[in-house]
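Coordinates as given in my_file.pdb (PDB, C-alpha atoms and all ligand atoms):
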ATOM      1  CA  MET A  83     -21.853   2.025   9.987
ATOM      2  CA  LYS A  84     -21.957   4.369   7.040
ATOM      3  CA  LYS A  85     -24.809   5.093   4.658
ATOM      4  CA  TYR A  86     -24.706   6.003   0.986
ATOM      5  CA  GLU A  87     -27.967   7.125  -0.582
ATOM      6  CA  LYS A  88     -29.321   6.013  -3.945
ATOM      7  CA  GLU A  89     -32.751   7.295  -4.908
ATOM      8  CA  ASP A  90     -35.178   5.915  -2.294
ATOM      9  CA  VAL A  91     -32.750   3.438  -0.700
ATOM     10  CA  SER A  92     -29.467   3.580   1.173
ATOM     11  CA  VAL A  93     -26.478   1.286   0.972
ATOM     12  CA  VAL A  94     -25.357   0.574   4.527
ATOM     13  CA  TRP A  95     -21.747  -0.466   5.092
ATOM     14  CA  ASN A  96     -20.604  -2.028   8.344
ATOM     15  CA  SER A  97     -16.837  -1.607   8.423
ATOM     16  CA  GLU A  98     -16.423  -4.160  11.221
ATOM     17  CA  LYS A  99     -17.952  -6.940   9.121
ATOM     18  CA  CYS A 100     -16.122  -6.057   5.902
ATOM     19  CA  LYS A 101     -13.430  -8.598   5.026
ATOM     20  CA  HIS A 102     -11.763  -6.176   2.598
ATOM     21  CA  ALA A 103     -11.468  -8.941   0.035
ATOM     22  CA  GLY A 104     -12.732  -6.541  -2.585
ATOM     23  CA  LEU A 105     -15.405  -8.650  -4.278
ATOM     24  CA  CYS A 106     -17.583  -5.569  -4.635
ATOM     25  CA  ALA A 107     -14.712  -3.521  -6.076
ATOM     26  CA  ARG A 108     -13.892  -6.217  -8.623
ATOM     27  CA  GLN A 109     -17.477  -6.782  -9.757
ATOM     28  CA  LEU A 110     -18.781  -3.195  -9.765
ATOM     29  CA  PRO A 111     -15.620  -1.037  -9.779
ATOM     30  CA  GLN A 112     -17.350   2.135 -10.928
ATOM     31  CA  VAL A 113     -19.254   2.227  -7.618
ATOM     32  CA  PHE A 114     -16.998   0.508  -5.052
ATOM     33  CA  LYS A 115     -13.692   2.386  -4.961
ATOM     34  CA  PRO A 116     -11.774   1.504  -1.797
ATOM     35  CA  LYS A 117      -9.069   4.102  -2.462
ATOM     36  CA  GLU A 118     -11.412   7.058  -2.875
ATOM     37  CA  LYS A 119     -13.661   9.102  -0.633
ATOM     38  CA  PRO A 120     -16.499   8.404  -0.460
ATOM     39  CA  TRP A 121     -15.542   4.853  -1.290
ATOM     40  CA  ILE A 122     -19.066   3.941  -2.408
ATOM     41  CA  GLN A 123     -20.120   6.187  -5.305
ATOM     42  CA  THR A 124     -23.763   5.418  -5.936
ATOM     43  CA  ALA A 125     -24.144   7.873  -8.812
ATOM     44  CA  ASN A 126     -22.141   5.600 -11.111
ATOM     45  CA  ALA A 127     -24.623   2.711 -11.548
ATOM     46  CA  THR A 128     -28.336   2.031 -11.491
ATOM     47  CA  LYS A 129     -30.160   1.234  -8.297
ATOM     48  CA  ALA A 130     -30.779  -2.314  -9.593
ATOM     49  CA  GLN A 131     -27.056  -2.873 -10.228
ATOM     50  CA  ILE A 132     -26.169  -1.623  -6.770
ATOM     51  CA  VAL A 133     -28.829  -3.680  -4.997
ATOM     52  CA  GLU A 134     -27.658  -6.779  -6.902
ATOM     53  CA  GLN A 135     -24.034  -6.203  -5.914
ATOM     54  CA  VAL A 136     -24.909  -5.539  -2.274
ATOM     55  CA  SER A 137     -26.696  -8.910  -2.168
ATOM     56  CA  LYS A 138     -23.438 -10.653  -3.153
ATOM     57  CA  CYS A 139     -21.323  -9.295  -0.296
ATOM     58  CA  PRO A 140     -20.065 -12.481   1.386
ATOM     59  CA  SER A 141     -19.644 -11.048   4.889
ATOM     60  CA  GLY A 142     -22.939  -9.204   5.209
ATOM     61  CA  ALA A 143     -21.052  -5.919   5.543
ATOM     62  CA  LEU A 144     -23.233  -4.364   2.865
ATOM     63  CA  SER A 145     -26.987  -4.110   3.179
ATOM     64  CA  ILE A 146     -29.851  -2.101   1.718
ATOM     65  CA  GLU A 147     -32.133   0.023   3.859
TER      66      GLU A 147
HETATM   67  S1  LIG B   1     -17.864  -7.413  -0.894
HETATM   68 FE1  LIG B   1     -18.452  -6.914   1.195
HETATM   69  S2  LIG B   1     -16.840  -7.807   2.495
HETATM   70 FE2  LIG B   1     -16.037  -7.699   0.391
HETATM   71  S3  LIG B   1     -14.938  -5.742   0.310
HETATM   72 FE3  LIG B   1     -17.026  -5.366  -0.440
HETATM   73  S4  LIG B   1     -18.118  -4.701   1.399
HETATM   74 FE4  LIG B   1     -16.259  -5.677   2.112
END
Show how you would write the structure in this file as structure tokens.
Ligand code: SF4
Amino acid sequence: MKKYEKEDVSVVWNSEKCKHAGLCARQLPQVFKPKEKPWIQTANATKAQIVEQVSKCPSGALSIE
């Protein structure tokens, strides 16, 4: 589990659940960059955009805390 902070929330990523299909990277590529470190760059979108994208993760690998 890794956490990426954005204002008063954190994006939590569970690598074991991630299917690596890249939906997040296709839909919000300025934030989800699988080839970079850190691969989730929360500075590049609004909190609302990030929360919306996290809710679309099909495997449940992404969540908001
Ligand atoms: S949308 Fe979810 S399952 Fe798909 S690559 Fe992103 S984190 Fe992994």
For this file, the PyMOL selection byres (((chain A and resi 107-121) around 12) and not hetatm) selects which residues, as an MDAnalysis selection string?
-> chainID A and resid 84:88 93 95 97 100 102:106 122:129 131:136 138:139 144
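Ranking A:Ser141, A:Met83, A:Ala130, A:Asp90 by their shortest atom-to-atom distance to ligand LIG 1 (chain B), with all atoms listed in the file included, puts A:Ser141 first.
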Which is closest to ligand LIG 1 (chain B) among A:Ser92, A:Ile146, A:Lys101, A:Ser137, if we use only C-alpha atoms and all ligand atoms?
-> A:Lys101
Taking all atoms of region 138-147 of chain A that the file lists and extending 3 Å past them on each side, where is the centre of the axis-aligned box and how long are its edges? Answer in Å to one decimal, as lines of an AutoDock Vina configuration file.
center_x = -25.9
center_y = -6.2
center_z = 1.2
size_x = 18.5
size_y = 18.5
size_z = 14.7
Reconstruct region 127-142 of chain A at the level of N, CA, C and O atoms, and format the result as an mmCIF file, in the frame of the given file.
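Everything below was put into rebuild29.cif:
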data_model
loop_
_atom_site.group_PDB
_atom_site.id
_atom_site.type_symbol
_atom_site.label_atom_id
_atom_site.label_comp_id
_atom_site.auth_asym_id
_atom_site.auth_seq_id
_atom_site.Cartn_x
_atom_site.Cartn_y
_atom_site.Cartn_z
ATOM 1 N N ALA A 127 -23.927 3.908 -11.063
ATOM 2 C CA ALA A 127 -24.623 2.711 -11.548
ATOM 3 C C ALA A 127 -26.097 2.864 -11.216
ATOM 4 O O ALA A 127 -26.493 3.766 -10.471
ATOM 5 N N THR A 128 -26.903 1.969 -11.783
ATOM 6 C CA THR A 128 -28.336 2.031 -11.491
ATOM 7 C C THR A 128 -28.607 1.441 -10.102
ATOM 8 O O THR A 128 -27.795 0.687 -9.557
ATOM 9 N N LYS A 129 -29.767 1.787 -9.588
ATOM 10 C CA LYS A 129 -30.160 1.234 -8.297
ATOM 11 C C LYS A 129 -30.178 -0.284 -8.363
ATOM 12 O O LYS A 129 -29.697 -0.963 -7.446
ATOM 13 N N ALA A 130 -30.701 -0.852 -9.457
ATOM 14 C CA ALA A 130 -30.779 -2.314 -9.593
ATOM 15 C C ALA A 130 -29.386 -2.950 -9.550
ATOM 16 O O ALA A 130 -29.190 -3.981 -8.907
ATOM 17 N N GLN A 131 -28.426 -2.332 -10.234
ATOM 18 C CA GLN A 131 -27.056 -2.873 -10.228
ATOM 19 C C GLN A 131 -26.478 -2.851 -8.821
ATOM 20 O O GLN A 131 -25.796 -3.788 -8.394
ATOM 21 N N ILE A 132 -26.723 -1.774 -8.117
ATOM 22 C CA ILE A 132 -26.169 -1.623 -6.770
ATOM 23 C C ILE A 132 -26.811 -2.613 -5.801
ATOM 24 O O ILE A 132 -26.115 -3.286 -5.031
ATOM 25 N N VAL A 133 -28.127 -2.744 -5.880
ATOM 26 C CA VAL A 133 -28.829 -3.680 -4.997
ATOM 27 C C VAL A 133 -28.340 -5.102 -5.248
ATOM 28 O O VAL A 133 -28.101 -5.879 -4.311
ATOM 29 N N GLU A 134 -28.156 -5.447 -6.527
ATOM 30 C CA GLU A 134 -27.658 -6.779 -6.902
ATOM 31 C C GLU A 134 -26.270 -7.026 -6.297
ATOM 32 O O GLU A 134 -25.994 -8.070 -5.719
ATOM 33 N N GLN A 135 -25.396 -6.033 -6.415
ATOM 34 C CA GLN A 135 -24.034 -6.203 -5.914
ATOM 35 C C GLN A 135 -24.019 -6.301 -4.386
ATOM 36 O O GLN A 135 -23.289 -7.108 -3.822
ATOM 37 N N VAL A 136 -24.832 -5.493 -3.741
ATOM 38 C CA VAL A 136 -24.909 -5.539 -2.274
ATOM 39 C C VAL A 136 -25.319 -6.940 -1.809
ATOM 40 O O VAL A 136 -24.784 -7.466 -0.829
ATOM 41 N N SER A 137 -26.219 -7.576 -2.570
ATOM 42 C CA SER A 137 -26.696 -8.910 -2.168
ATOM 43 C C SER A 137 -25.599 -9.968 -2.261
ATOM 44 O O SER A 137 -25.717 -11.035 -1.677
ATOM 45 N N LYS A 138 -24.527 -9.678 -2.992
ATOM 46 C CA LYS A 138 -23.438 -10.653 -3.153
ATOM 47 C C LYS A 138 -22.328 -10.503 -2.119
ATOM 48 O O LYS A 138 -21.384 -11.295 -2.104
ATOM 49 N N CYS A 139 -22.390 -9.506 -1.289
ATOM 50 C CA CYS A 139 -21.323 -9.295 -0.296
ATOM 51 C C CYS A 139 -21.262 -10.519 0.634
ATOM 52 O O CYS A 139 -22.237 -10.839 1.308
ATOM 53 N N PRO A 140 -20.143 -11.220 0.652
ATOM 54 C CA PRO A 140 -20.065 -12.481 1.386
ATOM 55 C C PRO A 140 -20.099 -12.342 2.913
ATOM 56 O O PRO A 140 -20.458 -13.282 3.610
ATOM 57 N N SER A 141 -19.739 -11.194 3.431
ATOM 58 C CA SER A 141 -19.644 -11.048 4.889
ATOM 59 C C SER A 141 -20.893 -10.438 5.512
ATOM 60 O O SER A 141 -21.030 -10.397 6.726
ATOM 61 N N GLY A 142 -21.781 -9.916 4.675
ATOM 62 C CA GLY A 142 -22.939 -9.204 5.209
ATOM 63 C C GLY A 142 -22.610 -7.777 5.612
ATOM 64 O O GLY A 142 -23.416 -7.104 6.241
#
